[in-house]
Structures are given as C-alpha cells and as structure tokens.
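This report concerns only the one structure given below.
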Amino acid sequence: MNDYIVEMKKIRKTFGEVQAVKKGEFNLKKGEIHSLIGENGAGKSTMMKMLYGMYGIDDGEIIIGGEKVENLSPKIAIEKGIGMVHQEFMLVDELTVLENVILGFEPRKGLTIDFDSARKNIQKYIDHYGMDVQLNKKINQISVGEAQRVEIIKTLTRGANIIILDEPTAVLTPQETQRLFEILQNLKNDGKSIVFISHKLNEIMQISDRISVMRQGEYMGTVDKKDTNQAELAKMMVGREVFLNIEKKQAHIGDTVLKIDNLWTSGEKEMSKIRGVSLEVKSGEIVGIAGIDGNGQSELIEAICGLRKVEKGSILLDGKNITNESVKKIRKAGLSHIPEDRNVRGLNRSMTIEENIVAAQISDAPFSNGIMLNNTKMLEYTNELIDKFDIRPRNPQTLTQGMSGGNAQKIVVAREVSIGGKVLIASQPTRGVDIGAIESIRTILMDVKEKGLGVLLVSADLEEIFSLSDRIIVMHEGEITGNLQVDEADEEKVGLLMMGGKRRKEKCHE
Ligand SMILES: Nc1ncnc2c1ncn2[C@@H]1O[C@H](COP(=O)(O)OP(=O)(O)OP(=O)(O)O)[C@@H](O)[C@H]1O
Ligand SMILES: [Mg+2]
C-alpha cells in the first residue's frame, strides 16, 4: 500500500517517428502541489494528456485511486476525478462564462436547461475558492486570467479532485500569477491534488511541494521542494549548468531606426488606446517596454507592424514613413516581428517547419528567382536554423501542429531574427520556452543588436526587461509614463510608473 492517488509507471508513447515519452514515471499524493518540469519537447504535456485520457499509452500502466485503468478516455478520467486546464484554452468565445462552464454537462429541468441551479452551484465554487469570475460575461470580454479561472471552475463542477494545469502562468502577468497561486493553495487546503507545469523556476520554488523532472522523454527523478534550489533543478532539466545572467554588451549606438511621433490609435479596451506616444529606437540599442498587460503595448506594436490603423501621428522606419502602410511593405522596409501570440500570427500550424521558416521570404532570392523556387537553398537554410536554434524535432518536414509549445516559438524567433532588416520587434519572445532556450534567445537578441539592429522588446517579465534593455520605456493606459536609461532604473521605480506614477505626480502639482 502507498498513499498515491495516481501512479504512472514505465510509460511509453510515440507519434510516428517521434518518441515523445520513453520512460515516463509520475505519481501524485492527495493534497499536494506537484510540479512537472523539463525542456521544451521533454514530454510533459504528453504525459498529462495520457493521464487525462486524451492520448492512449503505447506501454506501461496508469493507476488511479489504487486501481489499474485500461483504455482511459477523457470521459473515464473525468469520472475518476481528473480535470485538465490546457496550454491553449478550450472556451467558446461567443458563449457566456456560465454557458461555457456547463457546456456538455447541462443540468436539466424537464426539457430545458436549469440555468438557475447551475448558476447557484457554480457561484458556490467561485465564492468558496475566492475566484472573482463573472458568470454573465462573454468569453471575449474577459481577461486571460479570468478565462483561466473559468477553466478551473469547469473542472471543479465536474467533480475533479485532481487538477492538471499545463503552463497556466505562461499567459499571466505577475499579479495574476499570484492570484492563481492563492486559488491553488485554497484547493490544496481542501485536499485537492494539483499538477503544475511551468518553465519559471521561481514559481516552481514558490508553489510546489514536490517536483518531478523530465528530459527528452525520460523521467529524471522527483525531489522535495525543501531539499532543492533553482540551480539544481535547471541542471536536472538541461543536463548542464545554465546561466541566465548573460553579459550585457554595449553595442555601437547609431542612427535612429524607428521614430514614432505623437501616435494615436484605437484600443481593444478603453485603457489600451494609444494616446500620443512618441519614442525612438536607435541602431545598436534594445529598448524595453514595461507595463502591465493591456495598457496599450499590443496596440502600439500592431500599429507599427501595419496591423492596426493609426488615427494620428507618424511612424518612420529608417527614415521612411511607414504609417498605415501594408504589412508586406513594412516588412520590406526592414521590420521583423516576433509576435506575442505565436498561434494566431506567428505560425501556420498546418504547414511544416520549412514552410514556416521560408514563408516570409519565399518570393525573394536566394529562394526564388522570381519564377522558380530553389528547393535546395530552402532546405539548406531551414536546416541551418534548426541547428542554430536547437529546434526539435530536427526534421524540416515536421508538421508544426504536433510540436511542443516552446519549439513552435523557436521557429518564429529563428525566422524573424534571421531576416536582417533594421528593426526587430520582440513581443514576449521567451514566453513558454524553457530555460535553455531563454538563454539562447536572449543571447541572440544581444547579437542582433550588436549587428546594428534596433530592438523594441515588450515583455511582461521585468527581470527580462532589465537584463536585456539599454533603455526602458514604461507604458500606462496608452501613454508613456517613463523613459529611463537602465542604470538609472530599478524595479520599484518602474513598478510605480507601470501604475501610472508620473501622471499621478503631475496631477498633484496641478
Ligand atoms: N499530437 C502530436 N503529434 C506529433 N508529435 C507530437 C504530438 N504531441 C507531442 N508530440 C511530440 O512529442 C514530443 C513531446 O511533446 P510535449 O508537447 O509533450 O512536450 P512538452 O514537454 O510539453 O514541451 P513544451 O514545454 O514546449 O510545452 C515533442 O517532440 C512533440 O513534437
Ligand atoms: Mg507542453
């Protein structure tokens, strides 16, 4: 007898030629928060999708509540009390929160859906765990953090006592992460068991009771949080020491390559309208934009890239006016862009690695002479980037659909930083990638600036902003509240400006 409520033993899983999991082991105790960590493609999501019955196992056994379960399916997993919140949410945009939560499990009163009792029942969970969710809102009106809470409630109403969260914090701001952690603690105190996947080791050290590590499909071991530290975990995952504090090199600062003057745009929300933003980025400089998500950062980037209409003001790229030009023209003028949402804009999931890498340049030399495509050159180039950026699997003809989140991101980064040009916009460039890849992406951004590009970096991670930027611009409600050289900035100062510090002070002087 042991006290495990879940045991996964000697698990094996292959997809075509890819051995996603070779020797998978995992066990879970009642009332613990158990983290699962490992590099991109290590097999974390696959392991948990097998526990949730979404993928069958090729070999090994899954024991739930002391009973060996054959032919697990999501339906059976739910019956056994397992719930999963996926890396990509599965909510229906046009429906309300309430409708989403009961979807497929509608309580009936005669022939109609009993919304009243559903609402009462769900509200109980919301109150009990302190969740802050509004049941009447449509999904497209709520924040990412709230959508995630909805996903958690969904699992609870289906009776889950084991909740798997696959990289829940990748999309959250630091503040939202802390709120999620409070909820997880409440769930734990209620005797629920949590599986938590994340690449952020500081979070892992904050929230976990135990931590299991996977590397390239294999189980590396489980440690108690109290007996370990970040450096040891990093080494277990990667197999070598990892240095996240890359040396910041001073590059030669040249001419202004991006000049934005008194820019105004519409916003997704009232507080994210751009209201008179002016800024400059010089060649050889990384300018970091700090701000709480939803304060206009995304709108600003979209305006620069030609994805959002500029209502007033101008954008000059290397002296050329690109205001309200087409995406294609702006790219030609020398802008590359690692977009925030790689699934929507960065990557075509129905195409291969190679197609995605050459997509942006397919009509240019050396890939084409205007009429014919040069397949050899395309393949050579793709292989070069796969090596340089350590994209796994290595085969250029792999469909990106099945690729792990972090490796998908690496394809976009590889393509965009290799284009050259004048300005690189990097939005959340390391979101969802493992620490080995964070190290290499950060080093690459440094290289890019040394080669003379101007880099505009948007990141919700202040640590990232500080470690890469030469200058930090702070945005709040669509305005710039601070513009500081990195050596005159500290986290507290920037944090205050992110809350609108400067404007408040100005108001005091009025
Ligand atoms: N549906 C699928 N079809 C084909 N290959 C897959 C599929 N799902 C996963 N794989 C492959 O299995 C391996 C493990 O992927 P998995 O998504 O489990 O990694 P992960 O540890 O969750 O990585 P990440 O941190 O990037 O999310 C990868 O090589 C991936 O490409
Ligand atoms: Mg994953």
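Labels for the structure tokens follow display order: chains A, B, ..., residues from 1 in each chain, ligands from 1.
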
>> Set the distance at 7 Å and use only C-alpha atoms: which residues neighbour range 41-53 of chain A once local chain neighbours fewer than 6 positions away are removed? I'd like the list as a list of chain:residue names.
In response: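 Contacts, in chain order: A:Ala20, A:Val21, A:Leu72, A:Ser73, A:Pro74, A:Ala77, A:Ile82, A:Met84, A:Asp166, A:Met214, A:Arg215, A:Gln216, A:Gly217, A:Ser404.
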
Once you have the residues from the selection above, write them out as a compact mmCIF listing (two decimals), in the first residue's frame, restricted to all heavy atoms.
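Output contents, as saved in part25.txt:
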```
# COMPACT_ATOMS: atom_id res chain seq x y z
N ALA A 20 7.95 10.51 -27.95
CA ALA A 20 7.63 11.63 -27.07
C ALA A 20 7.93 11.28 -25.61
O ALA A 20 8.48 12.08 -24.87
CB ALA A 20 6.18 12.02 -27.23
N VAL A 21 7.55 10.08 -25.20
CA VAL A 21 7.85 9.62 -23.85
C VAL A 21 8.45 8.23 -23.93
O VAL A 21 7.89 7.34 -24.57
CB VAL A 21 6.57 9.60 -22.97
CG1 VAL A 21 6.86 8.99 -21.61
CG2 VAL A 21 6.00 11.00 -22.81
N LEU A 72 -8.11 4.31 -20.89
CA LEU A 72 -8.54 5.58 -20.32
C LEU A 72 -9.00 6.53 -21.43
O LEU A 72 -8.38 6.60 -22.49
CB LEU A 72 -7.33 6.18 -19.58
CG LEU A 72 -7.55 7.30 -18.58
CD1 LEU A 72 -8.53 6.88 -17.51
CD2 LEU A 72 -6.22 7.68 -17.95
N SER A 73 -10.10 7.22 -21.19
CA SER A 73 -10.56 8.27 -22.12
C SER A 73 -10.85 9.50 -21.26
O SER A 73 -10.98 9.37 -20.05
CB SER A 73 -11.84 7.82 -22.81
OG SER A 73 -12.87 7.73 -21.84
N PRO A 74 -10.99 10.69 -21.87
CA PRO A 74 -11.31 11.86 -21.05
C PRO A 74 -12.58 11.63 -20.24
O PRO A 74 -12.68 12.05 -19.09
CB PRO A 74 -11.51 12.97 -22.08
CG PRO A 74 -10.65 12.57 -23.22
CD PRO A 74 -10.73 11.07 -23.27
N ALA A 77 -11.59 9.56 -17.33
CA ALA A 77 -10.72 10.37 -16.46
C ALA A 77 -11.56 11.33 -15.63
O ALA A 77 -11.35 11.46 -14.42
CB ALA A 77 -9.70 11.13 -17.30
N ILE A 82 -10.47 13.49 -12.51
CA ILE A 82 -9.33 14.22 -13.06
C ILE A 82 -9.83 15.35 -13.96
O ILE A 82 -10.75 15.16 -14.75
CB ILE A 82 -8.43 13.27 -13.87
CG1 ILE A 82 -7.90 12.17 -12.93
CG2 ILE A 82 -7.26 14.03 -14.51
CD1 ILE A 82 -7.03 11.15 -13.62
N MET A 84 -8.43 18.85 -16.42
CA MET A 84 -7.20 19.41 -17.02
C MET A 84 -7.47 20.78 -17.62
O MET A 84 -8.46 20.98 -18.32
CB MET A 84 -6.68 18.46 -18.10
CG MET A 84 -5.39 18.94 -18.74
SD MET A 84 -4.49 17.56 -19.53
CE MET A 84 -3.06 18.43 -20.17
N ASP A 166 -1.54 22.93 -17.31
CA ASP A 166 -0.39 22.92 -18.23
C ASP A 166 0.05 24.35 -18.56
O ASP A 166 -0.63 25.06 -19.29
CB ASP A 166 -0.77 22.16 -19.51
CG ASP A 166 0.46 21.79 -20.34
OD1 ASP A 166 1.56 22.29 -20.03
OD2 ASP A 166 0.31 21.02 -21.31
N MET A 214 11.59 15.86 -16.21
CA MET A 214 11.72 15.02 -17.41
C MET A 214 12.76 15.62 -18.33
O MET A 214 12.92 16.84 -18.40
CB MET A 214 10.39 14.95 -18.18
CG MET A 214 9.31 14.18 -17.46
SD MET A 214 7.83 14.06 -18.48
CE MET A 214 8.32 12.76 -19.63
N ARG A 215 13.47 14.74 -19.01
CA ARG A 215 14.41 15.23 -20.02
C ARG A 215 14.31 14.30 -21.24
O ARG A 215 14.49 13.11 -21.13
CB ARG A 215 15.84 15.22 -19.49
CG ARG A 215 16.81 16.01 -20.36
CD ARG A 215 18.26 15.67 -20.06
NE ARG A 215 18.61 15.92 -18.66
CZ ARG A 215 19.70 15.43 -18.09
NH1 ARG A 215 20.56 14.69 -18.76
NH2 ARG A 215 19.95 15.68 -16.81
N GLN A 216 14.00 14.88 -22.39
CA GLN A 216 13.88 14.13 -23.65
C GLN A 216 13.09 12.85 -23.49
O GLN A 216 13.54 11.76 -23.86
CB GLN A 216 15.27 13.86 -24.21
CG GLN A 216 15.95 15.17 -24.57
CD GLN A 216 17.32 14.99 -25.21
OE1 GLN A 216 17.65 13.90 -25.67
NE2 GLN A 216 18.09 16.05 -25.28
N GLY A 217 11.92 12.97 -22.91
CA GLY A 217 11.02 11.83 -22.83
C GLY A 217 11.28 10.90 -21.66
O GLY A 217 10.54 9.95 -21.45
N SER A 404 5.82 20.86 -29.72
CA SER A 404 5.62 21.39 -28.37
C SER A 404 5.61 22.91 -28.44
O SER A 404 6.18 23.52 -29.35
CB SER A 404 6.72 20.90 -27.45
OG SER A 404 7.90 21.64 -27.63
```

>> Using DSSP secondary structure from the backbone, list all strand (DSSP E or B) positions within range 233-398 of chain A, as an MDAnalysis selection string.
In response: chainID A and resid 256:265 274:282 286:290 310:317 320:321 335:338 352 368 373

Near range 309-322 of chain A, 8 Å: range 254-275 of chain A residue rows, closest pairs, only C-alpha atoms, as CSV:
```
residue,atom,partner,partner_atom,distance
A:Thr256,CA,A:Asp318,CA,6.9
A:Val257,CA,A:Asp318,CA,4.3
A:Leu258,CA,A:Leu317,CA,4.8
A:Lys259,CA,A:Leu316,CA,5.0
A:Ile260,CA,A:Ile315,CA,4.6
A:Asp261,CA,A:Ser314,CA,5.3
A:Asn262,CA,A:Gly313,CA,4.9
A:Leu263,CA,A:Gly313,CA,4.3
A:Trp264,CA,A:Lys312,CA,5.0
A:Thr265,CA,A:Val310,CA,5.0
A:Ser266,CA,A:Glu311,CA,7.5
```

Can those selected residues be exported to a file as a PDB file, in the first residue's frame so that it contains all heavy atoms?
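Resulting contents of selection17.pdb:
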```pdb
ATOM      1  N   THR A 256      18.926  56.845 -35.532  1.00  0.00           N
ATOM      2  CA  THR A 256      17.578  56.427 -35.160  1.00  0.00           C
ATOM      3  C   THR A 256      17.002  55.570 -36.287  1.00  0.00           C
ATOM      4  O   THR A 256      16.996  55.987 -37.443  1.00  0.00           O
ATOM      5  CB  THR A 256      16.686  57.666 -34.961  1.00  0.00           C
ATOM      6  OG1 THR A 256      17.255  58.428 -33.914  1.00  0.00           O
ATOM      7  CG2 THR A 256      15.267  57.276 -34.621  1.00  0.00           C
ATOM      8  N   VAL A 257      16.552  54.351 -35.944  1.00  0.00           N
ATOM      9  CA  VAL A 257      15.971  53.483 -36.976  1.00  0.00           C
ATOM     10  C   VAL A 257      14.446  53.409 -36.863  1.00  0.00           C
ATOM     11  O   VAL A 257      13.765  53.060 -37.815  1.00  0.00           O
ATOM     12  CB  VAL A 257      16.576  52.061 -36.936  1.00  0.00           C
ATOM     13  CG1 VAL A 257      17.949  52.056 -37.573  1.00  0.00           C
ATOM     14  CG2 VAL A 257      16.624  51.504 -35.523  1.00  0.00           C
ATOM     15  N   LEU A 258      13.941  53.744 -35.678  1.00  0.00           N
ATOM     16  CA  LEU A 258      12.476  53.773 -35.526  1.00  0.00           C
ATOM     17  C   LEU A 258      12.113  55.057 -34.789  1.00  0.00           C
ATOM     18  O   LEU A 258      12.646  55.335 -33.724  1.00  0.00           O
ATOM     19  CB  LEU A 258      12.006  52.559 -34.724  1.00  0.00           C
ATOM     20  CG  LEU A 258      10.499  52.466 -34.493  1.00  0.00           C
ATOM     21  CD1 LEU A 258       9.765  52.177 -35.799  1.00  0.00           C
ATOM     22  CD2 LEU A 258      10.156  51.375 -33.467  1.00  0.00           C
ATOM     23  N   LYS A 259      11.242  55.828 -35.419  1.00  0.00           N
ATOM     24  CA  LYS A 259      10.849  57.092 -34.789  1.00  0.00           C
ATOM     25  C   LYS A 259       9.335  57.207 -34.819  1.00  0.00           C
ATOM     26  O   LYS A 259       8.718  57.225 -35.881  1.00  0.00           O
ATOM     27  CB  LYS A 259      11.488  58.262 -35.538  1.00  0.00           C
ATOM     28  CG  LYS A 259      11.247  59.607 -34.878  1.00  0.00           C
ATOM     29  CD  LYS A 259      12.153  60.651 -35.538  1.00  0.00           C
ATOM     30  CE  LYS A 259      11.747  62.083 -35.249  1.00  0.00           C
ATOM     31  NZ  LYS A 259      11.408  62.406 -33.892  1.00  0.00           N
ATOM     32  N   ILE A 260       8.755  57.227 -33.650  1.00  0.00           N
ATOM     33  CA  ILE A 260       7.303  57.318 -33.546  1.00  0.00           C
ATOM     34  C   ILE A 260       6.974  58.672 -32.950  1.00  0.00           C
ATOM     35  O   ILE A 260       7.549  59.070 -31.939  1.00  0.00           O
ATOM     36  CB  ILE A 260       6.761  56.190 -32.631  1.00  0.00           C
ATOM     37  CG1 ILE A 260       7.086  54.851 -33.272  1.00  0.00           C
ATOM     38  CG2 ILE A 260       5.264  56.337 -32.401  1.00  0.00           C
ATOM     39  CD1 ILE A 260       6.664  53.661 -32.447  1.00  0.00           C
ATOM     40  N   ASP A 261       6.065  59.365 -33.623  1.00  0.00           N
ATOM     41  CA  ASP A 261       5.774  60.715 -33.200  1.00  0.00           C
ATOM     42  C   ASP A 261       4.283  60.914 -32.944  1.00  0.00           C
ATOM     43  O   ASP A 261       3.475  60.720 -33.845  1.00  0.00           O
ATOM     44  CB  ASP A 261       6.279  61.682 -34.287  1.00  0.00           C
ATOM     45  CG  ASP A 261       6.377  63.086 -33.742  1.00  0.00           C
ATOM     46  OD1 ASP A 261       6.647  63.236 -32.534  1.00  0.00           O
ATOM     47  OD2 ASP A 261       6.153  64.033 -34.525  1.00  0.00           O
ATOM     48  N   ASN A 262       3.941  61.233 -31.732  1.00  0.00           N
ATOM     49  CA  ASN A 262       2.572  61.568 -31.331  1.00  0.00           C
ATOM     50  C   ASN A 262       1.518  60.633 -31.910  1.00  0.00           C
ATOM     51  O   ASN A 262       0.594  61.041 -32.599  1.00  0.00           O
ATOM     52  CB  ASN A 262       2.273  63.018 -31.730  1.00  0.00           C
ATOM     53  CG  ASN A 262       0.947  63.475 -31.136  1.00  0.00           C
ATOM     54  OD1 ASN A 262       0.491  62.943 -30.104  1.00  0.00           O
ATOM     55  ND2 ASN A 262       0.319  64.434 -31.776  1.00  0.00           N
ATOM     56  N   LEU A 263       1.671  59.347 -31.600  1.00  0.00           N
ATOM     57  CA  LEU A 263       0.822  58.317 -32.207  1.00  0.00           C
ATOM     58  C   LEU A 263      -0.489  58.113 -31.441  1.00  0.00           C
ATOM     59  O   LEU A 263      -0.493  58.029 -30.212  1.00  0.00           O
ATOM     60  CB  LEU A 263       1.602  56.997 -32.213  1.00  0.00           C
ATOM     61  CG  LEU A 263       1.021  55.905 -33.105  1.00  0.00           C
ATOM     62  CD1 LEU A 263       1.392  56.160 -34.553  1.00  0.00           C
ATOM     63  CD2 LEU A 263       1.541  54.541 -32.677  1.00  0.00           C
ATOM     64  N   TRP A 264      -1.560  58.017 -32.210  1.00  0.00           N
ATOM     65  CA  TRP A 264      -2.882  57.724 -31.630  1.00  0.00           C
ATOM     66  C   TRP A 264      -3.508  56.562 -32.375  1.00  0.00           C
ATOM     67  O   TRP A 264      -3.454  56.511 -33.606  1.00  0.00           O
ATOM     68  CB  TRP A 264      -3.822  58.941 -31.750  1.00  0.00           C
ATOM     69  CG  TRP A 264      -3.390  60.111 -30.927  1.00  0.00           C
ATOM     70  CD1 TRP A 264      -2.346  60.959 -31.186  1.00  0.00           C
ATOM     71  CD2 TRP A 264      -3.982  60.576 -29.703  1.00  0.00           C
ATOM     72  NE1 TRP A 264      -2.234  61.907 -30.192  1.00  0.00           N
ATOM     73  CE2 TRP A 264      -3.245  61.700 -29.279  1.00  0.00           C
ATOM     74  CE3 TRP A 264      -5.074  60.141 -28.929  1.00  0.00           C
ATOM     75  CZ2 TRP A 264      -3.555  62.397 -28.110  1.00  0.00           C
ATOM     76  CZ3 TRP A 264      -5.387  60.838 -27.771  1.00  0.00           C
ATOM     77  CH2 TRP A 264      -4.631  61.953 -27.374  1.00  0.00           C
ATOM     78  N   THR A 265      -4.067  55.607 -31.641  1.00  0.00           N
ATOM     79  CA  THR A 265      -4.806  54.511 -32.279  1.00  0.00           C
ATOM     80  C   THR A 265      -6.028  54.165 -31.427  1.00  0.00           C
ATOM     81  O   THR A 265      -6.149  54.608 -30.296  1.00  0.00           O
ATOM     82  CB  THR A 265      -3.988  53.195 -32.360  1.00  0.00           C
ATOM     83  OG1 THR A 265      -3.876  52.640 -31.042  1.00  0.00           O
ATOM     84  CG2 THR A 265      -2.613  53.402 -32.943  1.00  0.00           C
ATOM     85  N   SER A 266      -6.886  53.334 -31.999  1.00  0.00           N
ATOM     86  CA  SER A 266      -7.982  52.784 -31.207  1.00  0.00           C
ATOM     87  C   SER A 266      -7.407  51.704 -30.291  1.00  0.00           C
ATOM     88  O   SER A 266      -6.250  51.317 -30.448  1.00  0.00           O
ATOM     89  CB  SER A 266      -9.017  52.156 -32.131  1.00  0.00           C
ATOM     90  OG  SER A 266      -8.401  51.097 -32.837  1.00  0.00           O
TER      91      SER A 266
END
```

Using the chain letters and numbers from this document, which residues of range 55-206 of chain A does DSSP assign to helix (DSSP H, G or I), as a PDB file with C-alpha atoms, in the first residue's frame?
```pdb
ATOM      1  CA  PRO A  74     -11.312  11.860 -21.052  1.00  0.00           C
ATOM      2  CA  LYS A  75     -14.796  10.675 -20.075  1.00  0.00           C
ATOM      3  CA  ILE A  76     -13.406   8.000 -17.773  1.00  0.00           C
ATOM      4  CA  ALA A  77     -10.720  10.368 -16.463  1.00  0.00           C
ATOM      5  CA  ILE A  78     -13.402  12.911 -15.521  1.00  0.00           C
ATOM      6  CA  GLU A  79     -15.393  10.174 -13.797  1.00  0.00           C
ATOM      7  CA  VAL A  97     -18.952  32.109 -18.808  1.00  0.00           C
ATOM      8  CA  LEU A  98     -21.947  30.264 -17.369  1.00  0.00           C
ATOM      9  CA  GLU A  99     -22.759  28.580 -20.693  1.00  0.00           C
ATOM     10  CA  ASN A 100     -19.140  27.542 -21.102  1.00  0.00           C
ATOM     11  CA  VAL A 101     -18.920  26.009 -17.667  1.00  0.00           C
ATOM     12  CA  ILE A 102     -21.984  23.820 -18.148  1.00  0.00           C
ATOM     13  CA  PHE A 115     -29.718  27.767 -15.551  1.00  0.00           C
ATOM     14  CA  ASP A 116     -30.754  28.840 -12.082  1.00  0.00           C
ATOM     15  CA  SER A 117     -29.494  25.814 -10.275  1.00  0.00           C
ATOM     16  CA  ALA A 118     -26.361  25.780 -12.452  1.00  0.00           C
ATOM     17  CA  ARG A 119     -25.652  29.390 -11.559  1.00  0.00           C
ATOM     18  CA  LYS A 120     -26.130  28.738  -7.838  1.00  0.00           C
ATOM     19  CA  ASN A 121     -23.948  25.679  -7.914  1.00  0.00           C
ATOM     20  CA  ILE A 122     -21.126  27.400  -9.794  1.00  0.00           C
ATOM     21  CA  GLN A 123     -21.275  30.519  -7.662  1.00  0.00           C
ATOM     22  CA  LYS A 124     -20.616  28.294  -4.648  1.00  0.00           C
ATOM     23  CA  TYR A 125     -17.247  27.288  -6.075  1.00  0.00           C
ATOM     24  CA  ILE A 126     -16.421  30.860  -7.070  1.00  0.00           C
ATOM     25  CA  ASP A 127     -17.057  32.104  -3.538  1.00  0.00           C
ATOM     26  CA  HIS A 128     -15.500  29.165  -1.758  1.00  0.00           C
ATOM     27  CA  ILE A 139     -15.554  34.903 -23.010  1.00  0.00           C
ATOM     28  CA  ASN A 140     -14.346  37.531 -25.482  1.00  0.00           C
ATOM     29  CA  GLN A 141     -14.977  40.204 -22.839  1.00  0.00           C
ATOM     30  CA  VAL A 144      -6.880  35.748 -19.884  1.00  0.00           C
ATOM     31  CA  GLY A 145      -6.566  35.356 -16.134  1.00  0.00           C
ATOM     32  CA  GLU A 146     -10.327  35.201 -15.745  1.00  0.00           C
ATOM     33  CA  ALA A 147     -10.652  32.711 -18.607  1.00  0.00           C
ATOM     34  CA  GLN A 148      -8.233  30.506 -16.787  1.00  0.00           C
ATOM     35  CA  ARG A 149     -10.255  30.666 -13.605  1.00  0.00           C
ATOM     36  CA  VAL A 150     -13.269  29.653 -15.694  1.00  0.00           C
ATOM     37  CA  GLU A 151     -11.362  26.593 -16.889  1.00  0.00           C
ATOM     38  CA  ILE A 152     -10.563  25.687 -13.289  1.00  0.00           C
ATOM     39  CA  ILE A 153     -14.192  26.079 -12.249  1.00  0.00           C
ATOM     40  CA  LYS A 154     -15.193  23.853 -15.150  1.00  0.00           C
ATOM     41  CA  THR A 155     -13.050  21.039 -13.778  1.00  0.00           C
ATOM     42  CA  LEU A 156     -14.418  21.569 -10.251  1.00  0.00           C
ATOM     43  CA  THR A 157     -18.068  21.420 -11.304  1.00  0.00           C
ATOM     44  CA  PRO A 168      -1.085  28.203 -16.663  1.00  0.00           C
ATOM     45  CA  THR A 169       1.183  31.124 -15.852  1.00  0.00           C
ATOM     46  CA  ALA A 170       2.745  31.496 -19.310  1.00  0.00           C
ATOM     47  CA  VAL A 171      -0.059  33.860 -20.232  1.00  0.00           C
ATOM     48  CA  PRO A 174       2.983  38.529 -12.264  1.00  0.00           C
ATOM     49  CA  GLN A 175      -0.023  39.892 -10.352  1.00  0.00           C
ATOM     50  CA  GLU A 176      -2.415  37.392 -11.941  1.00  0.00           C
ATOM     51  CA  THR A 177       0.041  34.598 -11.210  1.00  0.00           C
ATOM     52  CA  GLN A 178      -0.043  35.430  -7.527  1.00  0.00           C
ATOM     53  CA  ARG A 179      -3.845  35.337  -7.605  1.00  0.00           C
ATOM     54  CA  LEU A 180      -3.776  31.945  -9.269  1.00  0.00           C
ATOM     55  CA  PHE A 181      -1.375  30.701  -6.606  1.00  0.00           C
ATOM     56  CA  GLU A 182      -3.776  31.763  -3.868  1.00  0.00           C
ATOM     57  CA  ILE A 183      -6.505  29.729  -5.550  1.00  0.00           C
ATOM     58  CA  LEU A 184      -4.188  26.726  -5.881  1.00  0.00           C
ATOM     59  CA  GLN A 185      -3.350  26.967  -2.182  1.00  0.00           C
ATOM     60  CA  ASN A 186      -7.061  27.061  -1.343  1.00  0.00           C
ATOM     61  CA  LEU A 187      -7.658  23.995  -3.496  1.00  0.00           C
ATOM     62  CA  LYS A 188      -4.786  22.210  -1.832  1.00  0.00           C
ATOM     63  CA  ASN A 189      -6.056  23.056   1.631  1.00  0.00           C
ATOM     64  CA  LEU A 201      11.733  28.095 -11.688  1.00  0.00           C
ATOM     65  CA  ASN A 202      10.996  30.883  -9.247  1.00  0.00           C
ATOM     66  CA  GLU A 203       7.306  29.936  -9.491  1.00  0.00           C
ATOM     67  CA  ILE A 204       8.133  26.271  -9.101  1.00  0.00           C
ATOM     68  CA  MET A 205      10.063  27.035  -5.928  1.00  0.00           C
ATOM     69  CA  GLN A 206       7.205  29.148  -4.619  1.00  0.00           C
TER      70      GLN A 206
END
```

> Contacts of Ile473 in chain A at 12 Å or less, counting only C-alpha atoms, minus same-chain residues fewer than 4 places along, as JSON, numbers by chain?
Replying inline: {"A": [277, 278, 279, 280, 281, 286, 287, 288, 289, 290, 291, 297, 456, 457, 458, 459, 462, 465, 466, 469, 479, 480, 481, 482, 483, 484, 485, 486, 489, 493, 494, 495, 497, 498]}

>> When you look at Asn356 in chain A with a cut-off of 9 Å (counting only C-alpha atoms), what residues show up, excluding the ones that are within fewer than 4 positions of it in the same chain? I need them as a ChimeraX atom specification.
In response: /A:346-349,351-352,360,400,411-412,415

>> Ranking A:Gly436, A:Pro429, A:Gly65, A:Gly500 by minimum distance to Asp390 in chain A and counting only C-alpha atoms, which one comes first?
In response: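 Using only C-alpha atoms, Asp390 in chain A sits closest to A:Gly436.
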
> A:Ile391, A:Ile338, A:Met475, A:Leu91: which is nearest ligand 1, counting only C-alpha atoms and all ligand atoms?
Replying inline: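 For ligand 1, the nearest of the candidates is A:Ile391.
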
> Distance CA of Met90 in chain A-atom 1 (Mg, counted along the ligand's line) of ligand 2, one decimal place?
Replying inline: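 Computed distance, CA of Met90 in chain A to atom 1 (Mg, counted along the ligand's line) of ligand 2, equals 15.3 Å.
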
> For the atom pair CA of Glu285 in chain A and CA of Glu299 in chain A, what is the interatomic distance in Å to one decimal place?
Replying inline: 22.0 Å

> Quick one, how far is CA of Pro396 in chain A from CA of Glu354 in chain A?
Replying inline: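 Taking CA of Pro396 in chain A as the start and CA of Glu354 in chain A as the end point, the length is 5.1 Å.
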
>> I'd like to know which of A:Gly405, A:Gly110, A:Gly421, A:Gly16 is closest to ligand 1, using only C-alpha atoms and all ligand atoms.
In response: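 Using only C-alpha atoms and all ligand atoms, the shortest distance to ligand 1 belongs to A:Gly405.
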
List as a Markdown table every residue of range 117-172 of chain A that is in contact with range 29-34 of chain A, defined as an atom at most 12 Å from one of its atoms (using only C-alpha atoms), together with the nearest atom pair and the distance in Å rounded to one decimal, sorted by chain and then rising number.
```
| residue | atom | partner | partner_atom | distance |
| --- | --- | --- | --- | --- |
| A:Asn161 | CA | A:Lys30 | CA | 8.7 |
| A:Ile162 | CA | A:Lys30 | CA | 8.4 |
| A:Ile163 | CA | A:Ile33 | CA | 9.6 |
| A:Ile164 | CA | A:His34 | CA | 9.6 |
| A:Leu165 | CA | A:His34 | CA | 10.5 |
```

> With only C-alpha atoms as the basis for distance, which of A:Glu94, A:Leu28, A:Glu218, A:Ile197 is at the shortest distance from Arg12 in chain A?
Replying inline: A:Glu218

> Which one of A:Ile142, A:Thr112, A:Met131, A:Val223 sits closest to Lys269 in chain A if you count only C-alpha atoms?
Replying inline: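 Ranking A:Ile142, A:Thr112, A:Met131, A:Val223 by distance to Lys269 in chain A, first place goes to A:Ile142.
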